[in-house]
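J.: Provided below: work16.txt, containing compact mmCIF, C-alpha atoms.
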# COMPACT_ATOMS: atom_id res chain seq x y z
CA MET A 1182 -52.23 -140.96 8.14
CA PHE A 1183 -55.63 -142.67 8.18
CA ALA A 1184 -57.54 -143.18 4.96
CA MET A 1185 -60.97 -141.60 5.09
CA LEU A 1186 -63.54 -144.10 6.31
CA VAL A 1187 -66.40 -142.08 4.90
CA SER A 1188 -66.98 -139.50 2.23
CA ALA A 1189 -68.20 -136.79 4.54
CA GLN A 1190 -69.75 -133.61 3.24
CA VAL A 1191 -69.41 -131.97 6.65
CA LYS A 1192 -66.34 -131.27 8.76
CA PRO A 1193 -67.01 -131.16 12.50
CA GLY A 1194 -65.46 -128.42 14.59
CA ILE A 1195 -62.56 -130.62 15.72
CA GLU A 1196 -61.43 -131.03 12.11
CA VAL A 1197 -61.76 -127.33 11.39
CA LEU A 1198 -59.69 -126.62 14.51
CA ARG A 1199 -57.04 -129.13 13.44
CA ASP A 1200 -56.95 -127.73 9.91
CA ASN A 1201 -56.10 -124.28 11.25
CA GLY A 1202 -53.25 -125.64 13.37
CA PHE A 1203 -55.18 -125.42 16.65
CA LYS A 1204 -54.43 -121.71 16.66
CA GLN A 1205 -57.14 -120.88 19.20
CA LEU A 1206 -55.52 -123.30 21.68
CA GLN A 1207 -51.84 -122.63 21.07
CA GLY A 1208 -49.85 -122.28 24.29
CA LYS A 1209 -52.90 -122.96 26.45
CA ARG A 1210 -53.62 -125.53 29.12
CA VAL A 1211 -56.76 -127.27 27.96
CA GLY A 1212 -59.57 -129.17 29.64
CA LEU A 1213 -61.94 -131.25 27.51
CA VAL A 1214 -65.58 -132.24 28.08
CA THR A 1215 -66.34 -135.11 25.73
CA ASN A 1216 -67.52 -138.68 25.30
CA PRO A 1217 -67.06 -141.34 22.58
CA SER A 1218 -69.11 -139.25 20.11
CA GLY A 1219 -66.37 -136.60 20.08
CA ILE A 1220 -64.49 -137.85 17.01
CA ASP A 1221 -63.21 -136.75 13.63
CA ASN A 1222 -64.49 -138.27 10.38
CA ASN A 1223 -61.90 -141.05 10.70
CA LEU A 1224 -63.28 -142.04 14.12
CA LYS A 1225 -60.29 -140.66 16.00
CA SER A 1226 -61.20 -139.36 19.45
CA THR A 1227 -60.95 -135.66 20.18
CA VAL A 1228 -59.14 -136.73 23.37
CA ASP A 1229 -56.34 -138.24 21.33
CA ILE A 1230 -56.33 -135.45 18.72
CA LEU A 1231 -55.84 -132.74 21.34
CA ASN A 1232 -53.42 -134.84 23.36
CA GLU A 1233 -51.18 -135.17 20.30
CA ALA A 1234 -51.58 -131.58 19.06
CA ARG A 1235 -48.40 -129.53 18.94
CA GLY A 1236 -48.50 -126.46 21.11
CA VAL A 1237 -51.57 -127.67 23.02
CA GLN A 1238 -51.37 -129.01 26.56
CA LEU A 1239 -54.34 -131.25 27.37
CA VAL A 1240 -54.31 -131.41 31.16
CA ALA A 1241 -57.80 -132.53 32.24
CA LEU A 1242 -60.84 -134.46 31.01
CA TYR A 1243 -64.43 -134.07 32.20
CA GLY A 1244 -66.96 -136.88 32.00
CA PRO A 1245 -70.67 -136.10 31.43
CA GLU A 1246 -73.43 -138.70 31.76
CA HIS A 1247 -72.08 -142.06 30.47
CA GLY A 1248 -68.46 -140.92 30.93
CA VAL A 1249 -65.57 -139.79 28.71
CA ARG A 1250 -65.13 -143.27 27.24
CA GLY A 1251 -68.82 -144.21 27.44
CA ASN A 1252 -68.52 -146.84 30.13
CA ALA A 1253 -71.36 -145.70 32.44
CA HIS A 1254 -75.05 -146.49 32.01
CA ALA A 1255 -77.88 -143.94 31.88
CA GLY A 1256 -78.38 -142.26 35.23
CA ASP A 1257 -75.35 -143.96 36.82
CA ALA A 1258 -72.78 -141.79 38.56
CA VAL A 1259 -69.61 -141.23 36.55
CA SER A 1260 -66.38 -141.83 38.43
CA SER A 1261 -63.44 -139.48 38.61
CA GLY A 1262 -60.03 -141.00 38.02
CA VAL A 1263 -57.44 -141.26 35.28
CA ASP A 1264 -58.02 -141.95 31.59
CA PRO A 1265 -56.23 -145.28 31.03
CA LYS A 1266 -55.09 -144.45 27.49
CA THR A 1267 -53.62 -140.98 28.04
CA GLY A 1268 -53.01 -140.93 31.79
CA ILE A 1269 -54.89 -137.62 32.01
CA LYS A 1270 -56.98 -136.80 35.08
CA VAL A 1271 -60.74 -137.31 34.60
CA HIS A 1272 -63.25 -135.24 36.58
CA SER A 1273 -66.84 -136.46 36.91
CA LEU A 1274 -69.65 -134.15 35.81
CA PHE A 1275 -72.36 -136.72 36.55
CA GLY A 1276 -72.08 -137.65 40.19
CA LYS A 1277 -71.79 -135.42 43.23
CA THR A 1278 -71.72 -132.42 40.93
CA HIS A 1279 -72.89 -131.66 37.41
CA LYS A 1280 -71.01 -128.37 37.34
CA PRO A 1281 -67.22 -128.12 37.42
CA THR A 1282 -65.98 -126.77 40.73
CA PRO A 1283 -63.24 -124.13 40.93
CA GLU A 1284 -60.88 -126.89 42.04
CA MET A 1285 -61.73 -128.94 38.93
CA LEU A 1286 -60.98 -125.95 36.69
CA ALA A 1287 -57.78 -124.96 38.46
CA GLY A 1288 -54.77 -125.07 36.16
CA ILE A 1289 -56.60 -124.77 32.83
CA ASP A 1290 -56.94 -121.77 30.54
CA VAL A 1291 -59.77 -123.02 28.34
CA LEU A 1292 -62.45 -125.69 28.66
CA VAL A 1293 -63.34 -127.31 25.32
CA TYR A 1294 -66.68 -129.05 24.72
CA ASP A 1295 -67.08 -131.67 21.98
CA ILE A 1296 -70.13 -133.96 22.20
CA GLN A 1297 -72.63 -135.09 19.57
CA ASP A 1298 -76.00 -133.97 20.93
CA ILE A 1299 -79.45 -134.93 19.64
CA GLY A 1300 -81.30 -131.61 19.76
CA CYS A 1301 -83.60 -132.38 22.70
CA ARG A 1302 -83.41 -130.51 26.01
CA SER A 1303 -84.05 -133.54 28.26
CA TYR A 1304 -80.94 -135.21 26.86
CA THR A 1305 -78.51 -134.03 29.52
CA PHE A 1306 -75.51 -133.00 27.42
CA CYS A 1307 -76.92 -129.55 26.64
CA SER A 1308 -77.37 -129.02 30.38
CA THR A 1309 -73.78 -130.10 30.94
CA MET A 1310 -72.62 -127.60 28.34
CA GLY A 1311 -74.58 -124.78 29.96
CA VAL A 1312 -73.35 -125.37 33.51
CA CYS A 1313 -69.78 -125.69 32.23
CA MET A 1314 -70.17 -122.27 30.63
CA GLU A 1315 -71.38 -120.90 33.96
CA ALA A 1316 -68.46 -122.43 35.84
CA CYS A 1317 -65.94 -121.08 33.35
CA ALA A 1318 -67.42 -117.59 33.56
CA GLU A 1319 -67.23 -117.65 37.34
CA CYS A 1320 -63.60 -118.83 37.31
CA GLY A 1321 -62.28 -116.69 34.47
CA VAL A 1322 -61.69 -119.68 32.18
CA GLU A 1323 -62.40 -119.50 28.46
CA PHE A 1324 -65.03 -121.84 27.00
CA MET A 1325 -64.88 -123.34 23.51
CA VAL A 1326 -67.46 -125.41 21.62
CA LEU A 1327 -66.34 -127.64 18.75
CA ASP A 1328 -69.56 -127.65 16.78
CA ARG A 1329 -71.46 -130.67 15.48
CA PRO A 1330 -74.72 -131.25 13.58
CA ASN A 1331 -78.15 -131.28 15.11
CA PRO A 1332 -79.37 -134.72 13.90
CA LEU A 1333 -82.92 -133.33 13.53
CA GLY A 1334 -81.70 -130.51 11.32
CA GLY A 1335 -81.80 -126.86 12.24
CA ASN A 1336 -85.46 -126.01 11.67
CA LYS A 1337 -87.55 -128.25 13.93
CA VAL A 1338 -88.76 -126.63 17.16
CA GLU A 1339 -91.35 -128.25 19.42
CA GLY A 1340 -92.46 -127.80 23.02
CA CYS A 1341 -93.01 -124.94 25.41
CA LEU A 1342 -90.19 -123.19 27.25
CA VAL A 1343 -89.27 -124.46 30.69
CA GLU A 1344 -91.26 -122.50 33.25
CA PRO A 1345 -90.11 -121.29 36.69
CA GLY A 1346 -90.24 -124.06 39.26
CA TYR A 1347 -89.68 -126.86 36.74
CA THR A 1348 -85.95 -126.56 36.25
CA SER A 1349 -83.87 -129.72 36.59
CA PHE A 1350 -80.98 -131.33 34.75
CA VAL A 1351 -83.49 -132.53 32.12
CA SER A 1352 -84.94 -129.02 31.85
CA LYS A 1353 -82.06 -126.79 32.86
CA PHE A 1354 -82.69 -123.81 30.58
CA ALA A 1355 -85.77 -122.03 29.23
CA ILE A 1356 -85.64 -123.52 25.75
CA PRO A 1357 -88.16 -125.67 23.84
CA TYR A 1358 -88.12 -129.44 24.16
CA VAL A 1359 -86.82 -129.69 20.57
CA TYR A 1360 -84.78 -126.54 19.99
CA GLY A 1361 -83.42 -126.62 16.42
CA LEU A 1362 -79.87 -125.44 17.17
CA THR A 1363 -76.40 -126.95 16.96
CA PRO A 1364 -74.40 -127.11 20.21
CA GLY A 1365 -72.43 -124.05 19.16
CA GLU A 1366 -75.56 -122.09 18.31
CA LEU A 1367 -77.20 -123.10 21.58
CA ALA A 1368 -74.12 -122.01 23.51
CA ARG A 1369 -74.29 -118.59 21.81
CA TYR A 1370 -78.00 -118.33 22.60
CA LEU A 1371 -77.58 -119.27 26.28
CA ASN A 1372 -74.64 -116.92 26.67
CA GLU A 1373 -76.11 -113.86 24.96
CA GLU A 1374 -79.71 -114.20 26.12
CA GLY A 1375 -78.74 -114.33 29.78
CA LEU A 1376 -79.94 -117.87 30.41
CA THR A 1377 -76.74 -118.78 32.23
CA THR A 1378 -75.88 -117.26 35.59
CA SER A 1379 -72.75 -115.58 34.22
CA LYS A 1380 -71.57 -114.74 30.71
CA ALA A 1381 -68.67 -116.84 29.50
CA LYS A 1382 -65.79 -115.86 27.23
CA LEU A 1383 -67.10 -118.10 24.45
CA THR A 1384 -65.52 -119.30 21.22
CA VAL A 1385 -67.36 -121.57 18.79
CA ILE A 1386 -65.44 -123.44 16.09
CA PRO A 1387 -68.11 -123.89 13.41
CA MET A 1388 -68.49 -126.88 11.12
CA GLU A 1389 -67.83 -126.64 7.41
CA GLY A 1390 -70.47 -127.84 4.94
CA TRP A 1391 -73.50 -128.15 7.21
CA THR A 1392 -76.84 -126.53 6.34
CA ARG A 1393 -80.02 -126.31 8.38
CA GLU A 1394 -81.94 -128.73 6.17
CA MET A 1395 -79.43 -131.54 6.80
CA LYS A 1396 -80.31 -134.50 8.96
CA PHE A 1397 -77.34 -136.46 10.24
CA ARG A 1398 -77.39 -139.04 7.42
CA ASP A 1399 -77.06 -136.18 4.93
CA THR A 1400 -73.67 -135.19 6.38
CA GLY A 1401 -71.84 -138.39 5.44
CA MET A 1402 -70.25 -138.31 8.89
CA PRO A 1403 -69.81 -141.50 10.94
CA TRP A 1404 -72.17 -141.94 13.87
CA VAL A 1405 -70.88 -142.94 17.28
CA LEU A 1406 -73.69 -143.46 19.74
CA PRO A 1407 -73.56 -140.66 22.34
CA SER A 1408 -75.36 -142.92 24.82
CA PRO A 1409 -76.38 -146.59 24.84
CA GLN A 1410 -80.01 -146.06 23.78
CA ILE A 1411 -79.15 -143.77 20.84
CA PRO A 1412 -77.53 -146.38 18.55
CA THR A 1413 -78.28 -144.69 15.21
CA PRO A 1414 -78.78 -141.13 13.96
CA GLU A 1415 -82.49 -141.88 13.56
CA SER A 1416 -82.67 -142.64 17.29
CA ALA A 1417 -82.57 -138.86 17.71
CA PHE A 1418 -85.93 -138.72 15.87
CA PHE A 1419 -87.51 -141.26 18.22
CA TYR A 1420 -86.17 -139.97 21.54
CA PRO A 1421 -88.48 -136.91 21.60
CA LEU A 1422 -91.31 -139.00 20.17
CA SER A 1423 -91.64 -141.23 23.26
CA GLY A 1424 -89.19 -140.03 25.90
CA ILE A 1425 -91.69 -138.01 27.90
CA ILE A 1426 -94.17 -140.79 28.60
CA GLY A 1427 -91.28 -143.05 29.53
CA GLU A 1428 -91.16 -140.99 32.72
CA LEU A 1429 -94.50 -142.46 33.80
CA TYR A 1430 -92.93 -145.92 34.27
CA ILE A 1431 -96.08 -147.51 32.85
CA PHE A 1432 -95.29 -148.17 29.19
CA ASN A 1433 -92.40 -149.84 27.44
CA THR A 1434 -91.05 -147.61 24.66
CA GLY A 1435 -88.47 -150.09 23.38
CA ILE A 1436 -85.87 -149.70 26.10
CA GLY A 1437 -84.77 -153.24 26.86
CA TYR A 1438 -85.45 -154.32 23.28
CA THR A 1439 -83.70 -153.59 19.97
CA LEU A 1440 -85.91 -150.61 19.10
CA PRO A 1441 -85.28 -147.95 21.77
CA PHE A 1442 -87.86 -145.16 21.83
CA GLN A 1443 -89.66 -146.59 18.75
CA LEU A 1444 -92.38 -148.53 20.58
CA PHE A 1445 -95.57 -147.72 22.45
CA THR A 1446 -96.47 -150.90 24.32
CA ALA A 1447 -98.03 -152.26 27.50
CA THR A 1448 -98.60 -155.70 28.98
CA TRP A 1449 -102.38 -155.22 28.91
CA ALA A 1450 -102.82 -153.80 25.39
CA ASP A 1451 -104.01 -155.45 22.16
CA ALA A 1452 -101.49 -154.65 19.43
CA ASP A 1453 -103.94 -154.73 16.52
CA ARG A 1454 -106.50 -152.52 18.24
CA VAL A 1455 -103.86 -149.98 19.22
CA CYS A 1456 -102.36 -150.00 15.74
CA ASP A 1457 -105.71 -149.48 14.01
CA ALA A 1458 -106.54 -146.59 16.34
CA MET A 1459 -103.17 -144.91 15.88
CA ASN A 1460 -103.26 -145.16 12.09
CA ALA A 1461 -106.85 -143.89 12.09
CA LEU A 1462 -105.54 -140.57 13.40
CA HIS A 1463 -103.65 -140.03 10.10
CA LEU A 1464 -100.82 -138.24 11.86
CA PRO A 1465 -98.60 -136.43 9.31
CA GLY A 1466 -95.28 -138.13 8.63
CA LEU A 1467 -96.07 -141.18 10.77
CA ASN A 1468 -97.20 -144.77 10.34
CA PHE A 1469 -97.62 -147.62 12.79
CA ARG A 1470 -97.54 -151.41 12.78
CA PRO A 1471 -98.64 -153.84 15.49
CA ILE A 1472 -95.88 -155.40 17.53
CA ASN A 1473 -95.71 -158.01 20.29
CA VAL A 1474 -92.34 -158.33 21.97
CA LYS A 1475 -90.67 -159.62 25.09
CA PRO A 1476 -87.91 -157.29 26.37
CA PHE A 1477 -84.44 -158.79 26.61
CA PHE A 1478 -83.66 -156.93 29.82
CA VAL A 1479 -85.51 -154.79 32.34
CA THR A 1480 -84.80 -151.32 33.66
CA SER A 1481 -86.49 -149.03 36.16
CA VAL A 1482 -88.70 -147.66 33.38
CA ASP A 1483 -90.10 -151.01 32.28
CA VAL A 1484 -93.78 -151.84 32.69
CA ASN A 1485 -92.89 -154.44 35.31
CA GLN A 1486 -89.63 -155.50 36.86
CA GLU A 1487 -89.66 -158.76 34.94
CA LYS A 1488 -89.45 -159.64 31.26
CA LYS A 1489 -93.14 -159.89 30.36
CA GLU A 1490 -94.46 -159.71 26.80
CA VAL A 1491 -95.76 -156.30 25.81
CA HIS A 1492 -98.12 -155.32 23.00
CA GLY A 1493 -98.65 -152.17 21.00
CA VAL A 1494 -97.11 -150.43 18.00
CA GLN A 1495 -93.80 -149.75 16.37
CA THR A 1496 -93.56 -146.22 14.99
CA TYR A 1497 -92.32 -145.46 11.48
CA ILE A 1498 -91.35 -141.89 10.67
CA THR A 1499 -92.01 -141.35 6.97
CA ASP A 1500 -91.39 -137.59 6.98
CA VAL A 1501 -89.58 -136.19 10.01
CA ASP A 1502 -90.18 -132.58 8.96
CA ALA A 1503 -93.94 -133.11 8.67
CA ALA A 1504 -94.28 -135.08 11.91
CA ASN A 1505 -94.93 -133.47 15.26
CA LEU A 1506 -92.64 -135.83 17.13
CA THR A 1507 -93.33 -134.77 20.69
CA LEU A 1508 -97.12 -134.80 20.50
CA THR A 1509 -97.14 -138.36 19.12
CA GLN A 1510 -96.81 -139.86 22.60
CA PHE A 1511 -99.81 -137.84 23.77
CA TYR A 1512 -101.85 -139.16 20.85
CA PHE A 1513 -100.88 -142.62 22.07
CA LEU A 1514 -102.11 -141.73 25.57
CA GLN A 1515 -105.34 -140.44 24.03
CA VAL A 1516 -105.83 -143.72 22.15
CA MET A 1517 -105.06 -145.84 25.20
CA HIS A 1518 -107.59 -143.88 27.25
CA GLU A 1519 -110.23 -144.39 24.56
CA LEU A 1520 -109.53 -148.12 24.24
CA TYR A 1521 -108.94 -148.84 27.94
CA PRO A 1522 -110.85 -146.23 29.97
CA ASP A 1523 -110.65 -148.37 33.09
CA VAL A 1524 -106.86 -148.14 33.11
CA LYS A 1525 -106.20 -144.93 35.00
CA ILE A 1526 -102.90 -144.13 33.32
CA PHE A 1527 -101.77 -141.16 35.38
CA GLU A 1528 -103.19 -142.52 38.61
CA GLN A 1529 -101.00 -145.63 38.52
CA ASN A 1530 -97.81 -143.87 39.56
CA PRO A 1531 -98.41 -140.39 41.01
CA LYS A 1532 -94.84 -140.32 42.35
CA ARG A 1533 -93.71 -139.81 38.76
CA TYR A 1534 -95.66 -136.56 38.30
CA ASN A 1535 -92.74 -134.42 39.44
CA MET A 1536 -90.29 -135.83 36.90
CA PHE A 1537 -92.93 -135.90 34.15
CA ASP A 1538 -93.65 -132.21 34.72
CA LYS A 1539 -89.96 -131.33 34.75
CA VAL A 1540 -89.37 -133.13 31.47
CA CYS A 1541 -92.33 -131.25 30.01
CA GLY A 1542 -91.08 -128.02 31.57
CA SER A 1543 -94.49 -127.27 33.06
CA LYS A 1544 -97.29 -128.89 35.06
CA GLU A 1545 -99.78 -127.38 32.61
CA ILE A 1546 -99.30 -130.16 30.06
CA ARG A 1547 -100.20 -132.95 32.50
CA GLU A 1548 -103.01 -131.02 34.15
CA ARG A 1549 -104.64 -129.90 30.91
CA PHE A 1550 -104.27 -133.29 29.25
CA THR A 1551 -105.66 -135.39 32.09
CA ARG A 1552 -108.96 -133.49 32.14
CA ARG A 1553 -110.13 -135.27 28.97
CA TYR A 1554 -107.08 -137.10 27.58
CA ARG A 1555 -107.32 -135.09 24.36
CA VAL A 1556 -104.28 -133.76 22.51
CA GLU A 1557 -106.32 -130.78 21.32
CA ASP A 1558 -106.36 -129.57 24.94
CA ILE A 1559 -102.57 -129.22 25.09
CA ALA A 1560 -101.43 -128.63 21.49
CA ASP A 1561 -101.71 -124.84 21.60
CA TYR A 1562 -99.96 -124.58 24.96
CA TRP A 1563 -97.24 -127.04 23.94
CA ASN A 1564 -96.50 -125.09 20.76
CA LYS A 1565 -97.08 -121.56 22.07
CA ASP A 1566 -93.40 -120.58 22.22
CA ASN A 1567 -92.21 -122.13 18.97
CA GLU A 1568 -92.32 -119.17 16.62
CA SER A 1569 -91.05 -116.62 19.11
CA PHE A 1570 -88.14 -118.89 20.02
CA LYS A 1571 -87.26 -119.40 16.35
CA ALA A 1572 -87.24 -115.65 15.78
CA ARG A 1573 -85.09 -114.97 18.84
CA SER A 1574 -82.67 -117.87 18.37
CA SER A 1575 -82.16 -117.17 14.65
CA ARG A 1576 -79.88 -114.28 15.64
CA TYR A 1577 -77.35 -116.88 16.80
CA TYR A 1578 -77.42 -119.09 13.72
CA LEU A 1579 -74.01 -120.00 12.31
CA TYR A 1580 -75.37 -121.78 9.21
Could you render the structure as structure tokens?

T.:
Amino acid sequence: MFAMLVSAQVKPGIEVLRDNGFKQLQGKRVGLVTNPSGIDNNLKSTVDILNEARGVQLVALYGPEHGVRGNAHAGDAVSSGVDPKTGIKVHSLFGKTHKPTPEMLAGIDVLVYDIQDIGCRSYTFCSTMGVCMEACAECGVEFMVLDRPNPLGGNKVEGCLVEPGYTSFVSKFAIPYVYGLTPGELARYLNEEGLTTSKAKLTVIPMEGWTREMKFRDTGMPWVLPSPQIPTPESAFFYPLSGIIGELYIFNTGIGYTLPFQLFTATWADADRVCDAMNALHLPGLNFRPINVKPFFVTSVDVNQEKKEVHGVQTYITDVDAANLTLTQFYFLQVMHELYPDVKIFEQNPKRYNMFDKVCGSKEIRERFTRRYRVEDIADYWNKDNESFKARSSRYYLY
């Protein structure tokens, strides 16, 4: 028996399931969608917990983006094969298909989902969960979510609903960009509100001890990065703060450096000027400092395909509840347009419009913003669905 590594106030769904003797899985052939973030509070993998559980037959694993064991990079195809530790078949859900095929679900009675998400719709795990629900409904397989915290808490909602024509795997369902639900609550919402193509036979194993006000640090649970650029729980705060403009492939947001999603930088900017202008906005819950860095490595989203020094600001979140995370990047675009009007930001890479619009869930944000580069021109549209979504989704709260 392991000694507790942490003094956790919250039990994730996998521990609640184990504590009740896995009764919902007894005698069943089980498939598991997970990655390294699927752990108990002693850091033991849900793969190994279910594989060792009496009366439970774990027969298949399913790898989302980054893979079951976390050995694939962002955007890279995940391979099918065999899990080297358990010898269990692994099916890829991030390659030729994102949705389990009938052949992949053959021979299982229930598909279990256990992944630590970050509460943002463009982070692909919530899309994976939704399409798995659809596949299970179509094949007569039960679907179970082992619930985990939303690192942003359960009250923050930002961004308009995805509109028709802008659906993709980073905008799969008509939910806000920041949706304020746990994975289990989101599954209930998708299932009952008709957002999936078919209604699944859904079971959610709730957490114990979590409340909506809790950020991840408040839970006392250990953090295992769900993907390489989300190394800490606070990374979930920064991902929605800068992830949208990363799709323009013009700015460096800290990918390739030690501060992923925390930076707003460019090769041609002056860090002090940008910092002064950002702080002059007096954005609630936010502060900025000048930064000049040279990325350690380059990716497709870097300013240039070589390690050039970039200049701009590092973002400090002083009050995550007060901050409008998602609009911060548009304030940065507003400042850059004011300081560098000759740099035609959106004209530099028009090929990225399609993905930018899909991440936003609508072309309206880009089109309205680029008329004057003013946040005030998009704020109402961006936030128009927040209150109605909160009211509708609150019916599916578990906490």

J.: Do a neighbour search on Lys1192 (chain A) at 9 Å with all atoms listed in the file, toss out local chain neighbours closer than 3 positions, and write the hits as a ChimeraX atom specification.

T.: /A:1189,1195-1197,1221-1222,1329,1387-1391,1400,1402

J.: If you measure from CA of Ala1503 (chain A) to CA of Gly1466 (chain A), what distance in Å do you get, rounded to one decimal?

T.: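 Computed distance, CA of Ala1503 (chain A) to CA of Gly1466 (chain A), equals 5.2 Å.
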
J.: Distance CA of Ala1450 (chain A)-CA of Gly1493 (chain A), one decimal place?

T.: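 Calculated distance between CA of Ala1450 (chain A) and CA of Gly1493 (chain A) is 6.3 Å.
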
J.: For Arg1235 (chain A), work out the shell of residues within 10 Å, counting only C-alpha atoms and skipping chain neighbours fewer than 3 positions away, then give it as an mmCIF file with C-alpha atoms, keeping the file's coordinate frame.

T.:
data_model
loop_
_atom_site.group_PDB
_atom_site.id
_atom_site.type_symbol
_atom_site.label_atom_id
_atom_site.label_comp_id
_atom_site.auth_asym_id
_atom_site.auth_seq_id
_atom_site.Cartn_x
_atom_site.Cartn_y
_atom_site.Cartn_z
ATOM 1 C CA GLY A 1202 -53.250 -125.640 13.370
ATOM 2 C CA PHE A 1203 -55.180 -125.420 16.650
ATOM 3 C CA LEU A 1206 -55.520 -123.300 21.680
ATOM 4 C CA GLN A 1207 -51.840 -122.630 21.070
ATOM 5 C CA GLY A 1208 -49.850 -122.280 24.290
ATOM 6 C CA ILE A 1230 -56.330 -135.450 18.720
ATOM 7 C CA LEU A 1231 -55.840 -132.740 21.340
ATOM 8 C CA ASN A 1232 -53.420 -134.840 23.360
ATOM 9 C CA GLN A 1238 -51.370 -129.010 26.560
#

J.: Using all atoms listed in the file, which residues sit within 10 Å of Pro1364 (chain A) once same-chain residues fewer than 4 positions away are excluded, as a PyMOL selection string?

T.: chain A and resi 1294-1300+1306-1307+1310+1326-1331+1368-1370+1385+1387

J.: For Lys1204 (chain A), work out the shell of residues within 10 Å, counting all atoms listed in the file and skipping chain neighbours fewer than 6 positions away, then give it as a VMD selection string.

T.: chain A and resid 1198 1236 to 1237

J.: Using only C-alpha atoms, determine which residues lie at most 10 Å from Asp1399 (chain A), disregarding the query and same-chain residues fewer than 4 positions distant; provide the list as a ChimeraX atom specification.

T.: /A:1189-1191,1332,1334,1391-1392,1394-1395

J.: Mind listing as a ChimeraX atom specification all residues within 9 Å of (-78.1, -138.6, 14.9), counting all atoms listed in the file?

T.: /A:1297-1299,1330-1333,1396-1398,1404-1407,1411-1418

J.: Measuring between all atoms listed in the file, which one of A:Lys1280, A:Lys1353, A:Arg1533, A:His1463 shows the shortest distance to Leu1371 (chain A)?

T.: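 Closest candidate: A:Lys1353.
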
J.: What is the CA of Lys1489 (chain A)-CA of Lys1532 (chain A) distance in Å, reported with one decimal?

T.: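 The value is 23.0 Å.
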
J.: With all atoms listed in the file as the atoms that count, which of A:Leu1579, A:Pro1193, A:Cys1541, A:Tyr1430 lies nearest to Tyr1347 (chain A)?

T.: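 So, comparing all the options, the nearest one is A:Cys1541.
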
J.: For Tyr1521 (chain A), which of A:Arg1454, A:His1279, A:Arg1199, A:Lys1337 is the closest residue, counting all atoms listed in the file?

T.: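 Nearest to Tyr1521 (chain A): A:Arg1454.
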
J.: Using all atoms listed in the file, I'd like a table of the residues in region 1380-1438 of chain A that come within 12 Å of region 1508-1518 of chain A; for each, show the closest atom pair and its distance in Å rounded to one decimal, ordered by chain and ascending number, as JSON lines.

T.:
{"residue": "A:Phe1418", "atom": "CA", "partner": "A:Thr1509", "partner_atom": "CA", "distance": 11.7}
{"residue": "A:Phe1419", "atom": "CA", "partner": "A:Thr1509", "partner_atom": "CA", "distance": 10.1}
{"residue": "A:Tyr1420", "atom": "CA", "partner": "A:Gln1510", "partner_atom": "CA", "distance": 10.7}
{"residue": "A:Pro1421", "atom": "CA", "partner": "A:Gln1510", "partner_atom": "CA", "distance": 8.9}
{"residue": "A:Leu1422", "atom": "CA", "partner": "A:Thr1509", "partner_atom": "CA", "distance": 6.0}
{"residue": "A:Ser1423", "atom": "CA", "partner": "A:Gln1510", "partner_atom": "CA", "distance": 5.4}
{"residue": "A:Gly1424", "atom": "CA", "partner": "A:Gln1510", "partner_atom": "CA", "distance": 8.3}
{"residue": "A:Ile1425", "atom": "CA", "partner": "A:Gln1510", "partner_atom": "CA", "distance": 7.6}
{"residue": "A:Ile1426", "atom": "CA", "partner": "A:Gln1510", "partner_atom": "CA", "distance": 6.6}
{"residue": "A:Gly1427", "atom": "CA", "partner": "A:Gln1510", "partner_atom": "CA", "distance": 9.4}
{"residue": "A:Glu1428", "atom": "CA", "partner": "A:Gln1510", "partner_atom": "CA", "distance": 11.6}
{"residue": "A:Leu1429", "atom": "CA", "partner": "A:Leu1514", "partner_atom": "CA", "distance": 11.2}
{"residue": "A:Ile1431", "atom": "CA", "partner": "A:Leu1514", "partner_atom": "CA", "distance": 11.1}
{"residue": "A:Phe1432", "atom": "CA", "partner": "A:Leu1514", "partner_atom": "CA", "distance": 10.1}
{"residue": "A:Asn1433", "atom": "CA", "partner": "A:Gln1510", "partner_atom": "CA", "distance": 11.9}
{"residue": "A:Thr1434", "atom": "CA", "partner": "A:Gln1510", "partner_atom": "CA", "distance": 9.9}
